[in-house]
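The file coords_4.pdb contains PDB, C-alpha atoms:
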```pdb
ATOM      1  CA  MET A   1      -0.238 -22.857  16.061
ATOM      2  CA  ALA A   2      -3.937 -22.112  16.284
ATOM      3  CA  GLU A   3      -5.081 -19.028  14.431
ATOM      4  CA  GLN A   4      -6.212 -17.271  17.627
ATOM      5  CA  GLU A   5      -2.739 -17.746  19.192
ATOM      6  CA  MET A   6      -0.939 -15.710  16.522
ATOM      7  CA  LYS A   7       0.543 -12.596  18.063
ATOM      8  CA  THR A   8       3.206 -11.632  15.503
ATOM      9  CA  PHE A   9       3.770 -11.706  11.767
ATOM     10  CA  LYS A  10       6.358 -14.422  12.387
ATOM     11  CA  ASP A  11       3.593 -16.532  13.973
ATOM     12  CA  PHE A  12       1.191 -15.679  11.156
ATOM     13  CA  TRP A  13       3.510 -16.487   8.238
ATOM     14  CA  PRO A  14       3.455 -20.337   8.458
ATOM     15  CA  TYR A  15      -0.340 -20.232   8.785
ATOM     16  CA  TYR A  16      -0.545 -17.952   5.730
ATOM     17  CA  VAL A  17       1.720 -20.255   3.738
ATOM     18  CA  ARG A  18      -0.370 -23.325   4.596
ATOM     19  CA  GLU A  19      -3.517 -21.437   3.548
ATOM     20  CA  HIS A  20      -1.795 -20.869   0.171
ATOM     21  CA  SER A  21      -0.465 -24.395  -0.272
ATOM     22  CA  ARG A  22      -1.620 -24.978  -3.842
ATOM     23  CA  PRO A  23       0.422 -23.507  -6.698
ATOM     24  CA  ALA A  24      -2.691 -22.201  -8.484
ATOM     25  CA  THR A  25      -3.671 -20.262  -5.379
ATOM     26  CA  ARG A  26      -0.264 -18.647  -5.197
ATOM     27  CA  ILE A  27      -0.254 -17.823  -8.915
ATOM     28  CA  LEU A  28      -3.671 -16.154  -8.737
ATOM     29  CA  HIS A  29      -2.532 -14.201  -5.683
ATOM     30  CA  ALA A  30       0.662 -13.127  -7.427
ATOM     31  CA  VAL A  31      -1.193 -11.961 -10.528
ATOM     32  CA  GLY A  32      -3.670  -9.999  -8.422
ATOM     33  CA  THR A  33      -0.931  -8.469  -6.271
ATOM     34  CA  ILE A  34       1.234  -7.484  -9.240
ATOM     35  CA  VAL A  35      -1.633  -6.062 -11.308
ATOM     36  CA  SER A  36      -3.054  -4.131  -8.356
ATOM     37  CA  THR A  37       0.405  -2.731  -7.581
ATOM     38  CA  ILE A  38       0.777  -1.586 -11.189
ATOM     39  CA  LEU A  39      -2.625   0.112 -10.976
ATOM     40  CA  VAL A  40      -1.659   1.915  -7.749
ATOM     41  CA  VAL A  41       1.602   3.110  -9.317
ATOM     42  CA  GLU A  42      -0.355   4.273 -12.365
ATOM     43  CA  MET A  43      -2.759   6.077 -10.036
ATOM     44  CA  PHE A  44       0.104   8.057  -8.477
ATOM     45  CA  VAL A  45       1.730   8.775 -11.847
ATOM     46  CA  THR A  46      -1.459   9.964 -13.536
ATOM     47  CA  GLY A  47      -3.248  11.376 -10.507
ATOM     48  CA  ASN A  48      -6.315   9.333 -11.482
ATOM     49  CA  TRP A  49      -7.681   8.306  -8.087
ATOM     50  CA  LEU A  50     -10.315   6.138  -9.753
ATOM     51  CA  MET A  51      -7.548   3.583 -10.214
ATOM     52  CA  LEU A  52      -7.652   2.827  -6.483
ATOM     53  CA  PRO A  53     -11.000   1.001  -6.537
ATOM     54  CA  ALA A  54      -9.857  -0.870  -9.636
ATOM     55  CA  ALA A  55      -6.630  -1.887  -7.899
ATOM     56  CA  LEU A  56      -8.505  -3.128  -4.839
ATOM     57  CA  ALA A  57     -11.071  -4.964  -6.957
ATOM     58  CA  VAL A  58      -8.449  -6.763  -9.026
ATOM     59  CA  GLY A  59      -6.299  -7.707  -6.056
ATOM     60  CA  TYR A  60      -9.130  -9.002  -3.924
ATOM     61  CA  ALA A  61     -11.008 -10.677  -6.793
ATOM     62  CA  MET A  62      -7.986 -12.752  -7.772
ATOM     63  CA  ALA A  63      -7.163 -13.683  -4.170
ATOM     64  CA  TRP A  64     -10.710 -14.545  -3.207
ATOM     65  CA  ALA A  65     -11.255 -16.587  -6.367
ATOM     66  CA  ALA A  66      -8.143 -18.554  -5.451
ATOM     67  CA  HIS A  67      -9.396 -19.234  -1.939
ATOM     68  CA  PHE A  68     -12.961 -20.094  -2.843
ATOM     69  CA  PHE A  69     -12.361 -22.106  -6.038
ATOM     70  CA  VAL A  70      -8.846 -23.527  -5.662
ATOM     71  CA  GLU A  71      -7.850 -23.685  -2.010
ATOM     72  CA  HIS A  72     -11.405 -24.010  -0.607
ATOM     73  CA  ASN A  73     -10.677 -21.972   2.492
ATOM     74  CA  ARG A  74     -11.424 -18.538   3.880
ATOM     75  CA  PRO A  75      -9.014 -15.698   3.031
ATOM     76  CA  ALA A  76      -6.824 -14.697   5.975
ATOM     77  CA  THR A  77      -7.452 -11.049   5.150
ATOM     78  CA  PHE A  78     -10.796 -11.192   6.967
ATOM     79  CA  LYS A  79      -9.113 -11.645  10.361
ATOM     80  CA  HIS A  80      -5.600 -10.332   9.688
ATOM     81  CA  PRO A  81      -5.776  -7.668   6.945
ATOM     82  CA  LEU A  82      -2.402  -5.985   7.547
ATOM     83  CA  TRP A  83      -0.467  -9.206   7.995
ATOM     84  CA  SER A  84      -2.180 -10.646   4.909
ATOM     85  CA  PHE A  85      -1.221  -7.597   2.876
ATOM     86  CA  ALA A  86       2.425  -7.906   3.958
ATOM     87  CA  ALA A  87       2.387 -11.682   3.451
ATOM     88  CA  ASP A  88       1.075 -11.267  -0.117
ATOM     89  CA  TYR A  89       4.124  -9.200  -1.006
ATOM     90  CA  LYS A  90       6.482 -11.560   0.823
ATOM     91  CA  MET A  91       4.948 -14.508  -1.025
ATOM     92  CA  VAL A  92       5.260 -12.795  -4.418
ATOM     93  CA  ALA A  93       8.894 -11.909  -3.692
ATOM     94  CA  LEU A  94       9.646 -15.504  -2.711
ATOM     95  CA  MET A  95       7.849 -16.774  -5.812
ATOM     96  CA  LEU A  96       9.816 -14.449  -8.082
ATOM     97  CA  THR A  97      13.080 -15.623  -6.525
ATOM     98  CA  GLY A  98      12.144 -19.314  -6.632
ATOM     99  CA  ARG A  99      12.082 -19.767  -2.865
ATOM    100  CA  MET A 100       8.370 -20.150  -2.155
ATOM    101  CA  GLY A 101       8.360 -23.933  -2.576
ATOM    102  CA  ARG A 102      10.776 -24.255   0.345
ATOM    103  CA  GLU A 103       8.504 -22.057   2.466
ATOM    104  CA  VAL A 104       5.539 -24.337   1.732
ATOM    105  CA  GLU A 105       7.576 -27.409   2.693
ATOM    106  CA  ARG A 106       8.751 -25.706   5.899
ATOM    107  CA  ALA A 107       5.198 -24.641   6.856
ATOM    108  CA  ARG A 108       3.858 -28.142   6.244
ATOM    109  CA  ALA A 109       6.645 -29.625   8.352
ATOM    110  CA  THR A 110       5.926 -27.133  11.151
ATOM    111  CA  GLU A 111       2.257 -28.131  11.067
ATOM    112  CA  ALA A 112       3.107 -31.841  11.178
ATOM    113  CA  VAL A 113       5.356 -31.340  14.224
ATOM    114  CA  ALA A 114       2.622 -29.333  15.992
ATOM    115  CA  ARG A 115       0.140 -32.169  15.645
TER     116      ARG A 115
END
```
As structure tokens - that is how I would like this structure written.
Amino acid sequence: MAEQEMKTFKDFWPYYVREHSRPATRILHAVGTIVSTILVVEMFVTGNWLMLPAALAVGYAMAWAAHFFVEHNRPATFKHPLWSFAADYKMVALMLTGRMGREVERARATEAVAR
């Protein structure tokens, strides 16, 4: 499905997975997502709102490094920020439960059928 045709998160998810097809990309994303989440939790616990810029910087720096240096593509967050945010957490959850590899295979198969 072409990027401009995506109307729902369900449509977006296979595209997101294909854009994160390399394990190193997913690992960098997971590290950034987990560390930024910890910083946000710490921000709420301590009341130190200066943690928010740090959380955003860490999360985006790790993700963008993965896209620019590993995957060699443009982060989906530029066009779909809310779906990308949700997809990051879905991807991390699937990684932590050992199910992300199947999602990558499924997304690749979906792309091959669409061609």
Practice prompt. State, in Å with one decimal place, the distance from atom CA of Met91 of chain A to atom CA of Ser21 of chain A.
Written response: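 Separation of atom CA of Met91 of chain A and atom CA of Ser21 of chain A: 11.3 Å.
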Worksheet entry | Interatomic distance, atom CA of Met6 of chain A to atom CA of Ala76 of chain A (Å, one decimal) |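 So the two atoms, atom CA of Met6 of chain A and atom CA of Ala76 of chain A, lie 12.1 Å apart.
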Fill in: Among listed residues A:Pro75, A:Gly59, A:Pro14, A:Pro53, nearest Ala30 of chain A (using all atoms listed in the file)
A:Gly59
Worksheet entry | Selection result of the PyMOL selection byres ((chain A and resi 32) around 8) on this file, as a PyMOL selection string | chain A and resi 28-31+33-36+58-63
Worksheet item: Which residues fall under the PyMOL selection byres ((chain A and resi 92) around 10) in this file, as a list in words?
Response: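 Residues picked by the PyMOL selection byres ((chain A and resi 92) around 10): Arg26, Ile27, His29, Ala30, Val31, Thr33, Ile34, Ala87, Asp88, Tyr89, Lys90, Met91, Ala93, Leu94, Met95, Leu96, Thr97, Gly98, Arg99 and Met100 of chain A.
Separating atom CA of Glu71 of chain A from atom CA of Asp11 of chain A is a distance of 20.9 Å.
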Practice prompt. Please write as a PyMOL selection string the full residue list that the PyMOL selection byres ((chain A and resi 52) around 12) yields on this file.
Written response: chain A and resi 35-44+46-51+53-59
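If all atoms listed in the file are the atoms counted, then among A:Arg18, A:Phe78, A:Ala24, A:Trp64 the closest residue to Arg102 of chain A is A:Arg18.
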Worksheet item: In terms of the shortest atom-to-atom distance over all atoms listed in the file, which of A:Phe69, A:His20, A:Thr25, A:Phe9 is closest to Ala86 of chain A?
Response: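 Closest to Ala86 of chain A of all the choices is A:Phe9.
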Kindly add N, CA and C atoms to the incomplete segment 13-34 of chain A and provide the output as a JSON list (two decimals), in the coordinates of the input.
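Output contents, as saved in selection.json:
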```json
[["chain", "number", "residue", "atom", "x", "y", "z"],
["A", 13, "TRP", "N", 2.97, -16.08, 9.53],
["A", 13, "TRP", "CA", 3.51, -16.49, 8.24],
["A", 13, "TRP", "C", 3.32, -17.98, 7.92],
["A", 14, "PRO", "N", 3.68, -18.92, 8.80],
["A", 14, "PRO", "CA", 3.46, -20.34, 8.46],
["A", 14, "PRO", "C", 1.98, -20.66, 8.22],
["A", 15, "TYR", "N", 1.10, -20.06, 8.99],
["A", 15, "TYR", "CA", -0.34, -20.23, 8.78],
["A", 15, "TYR", "C", -0.72, -19.73, 7.40],
["A", 16, "TYR", "N", -0.26, -18.54, 7.04],
["A", 16, "TYR", "CA", -0.55, -17.95, 5.73],
["A", 16, "TYR", "C", -0.04, -18.87, 4.61],
["A", 17, "VAL", "N", 1.15, -19.38, 4.77],
["A", 17, "VAL", "CA", 1.72, -20.26, 3.74],
["A", 17, "VAL", "C", 0.87, -21.51, 3.58],
["A", 18, "ARG", "N", 0.47, -22.12, 4.68],
["A", 18, "ARG", "CA", -0.37, -23.32, 4.60],
["A", 18, "ARG", "C", -1.72, -23.02, 3.94],
["A", 19, "GLU", "N", -2.25, -21.83, 4.16],
["A", 19, "GLU", "CA", -3.52, -21.44, 3.55],
["A", 19, "GLU", "C", -3.36, -21.15, 2.05],
["A", 20, "HIS", "N", -2.12, -21.11, 1.58],
["A", 20, "HIS", "CA", -1.80, -20.87, 0.17],
["A", 20, "HIS", "C", -0.93, -22.02, -0.35],
["A", 21, "SER", "N", -1.31, -23.24, 0.00],
["A", 21, "SER", "CA", -0.46, -24.40, -0.27],
["A", 21, "SER", "C", -0.49, -24.85, -1.73],
["A", 22, "ARG", "N", -1.52, -24.53, -2.45],
["A", 22, "ARG", "CA", -1.62, -24.98, -3.84],
["A", 22, "ARG", "C", -1.00, -23.95, -4.79],
["A", 23, "PRO", "N", -0.23, -24.43, -5.76],
["A", 23, "PRO", "CA", 0.42, -23.51, -6.70],
["A", 23, "PRO", "C", -0.56, -22.57, -7.41],
["A", 24, "ALA", "N", -1.73, -23.06, -7.79],
["A", 24, "ALA", "CA", -2.69, -22.20, -8.48],
["A", 24, "ALA", "C", -3.16, -21.05, -7.60],
["A", 25, "THR", "N", -3.29, -21.32, -6.32],
["A", 25, "THR", "CA", -3.67, -20.26, -5.38],
["A", 25, "THR", "C", -2.60, -19.19, -5.35],
["A", 26, "ARG", "N", -1.36, -19.61, -5.25],
["A", 26, "ARG", "CA", -0.26, -18.65, -5.20],
["A", 26, "ARG", "C", -0.14, -17.86, -6.50],
["A", 27, "ILE", "N", -0.34, -18.52, -7.62],
["A", 27, "ILE", "CA", -0.25, -17.82, -8.91],
["A", 27, "ILE", "C", -1.35, -16.77, -9.03],
["A", 28, "LEU", "N", -2.58, -17.13, -8.68],
["A", 28, "LEU", "CA", -3.67, -16.15, -8.74],
["A", 28, "LEU", "C", -3.40, -14.98, -7.80],
["A", 29, "HIS", "N", -2.89, -15.27, -6.62],
["A", 29, "HIS", "CA", -2.53, -14.20, -5.68],
["A", 29, "HIS", "C", -1.46, -13.30, -6.28],
["A", 30, "ALA", "N", -0.44, -13.90, -6.86],
["A", 30, "ALA", "CA", 0.66, -13.13, -7.43],
["A", 30, "ALA", "C", 0.17, -12.23, -8.56],
["A", 31, "VAL", "N", -0.66, -12.77, -9.43],
["A", 31, "VAL", "CA", -1.19, -11.96, -10.53],
["A", 31, "VAL", "C", -2.00, -10.79, -9.97],
["A", 32, "GLY", "N", -2.87, -11.07, -9.02],
["A", 32, "GLY", "CA", -3.67, -10.00, -8.42],
["A", 32, "GLY", "C", -2.82, -8.96, -7.72],
["A", 33, "THR", "N", -1.81, -9.40, -6.99],
["A", 33, "THR", "CA", -0.93, -8.47, -6.27],
["A", 33, "THR", "C", -0.13, -7.61, -7.24],
["A", 34, "ILE", "N", 0.42, -8.23, -8.27],
["A", 34, "ILE", "CA", 1.23, -7.48, -9.24],
["A", 34, "ILE", "C", 0.38, -6.50, -10.04]]
```
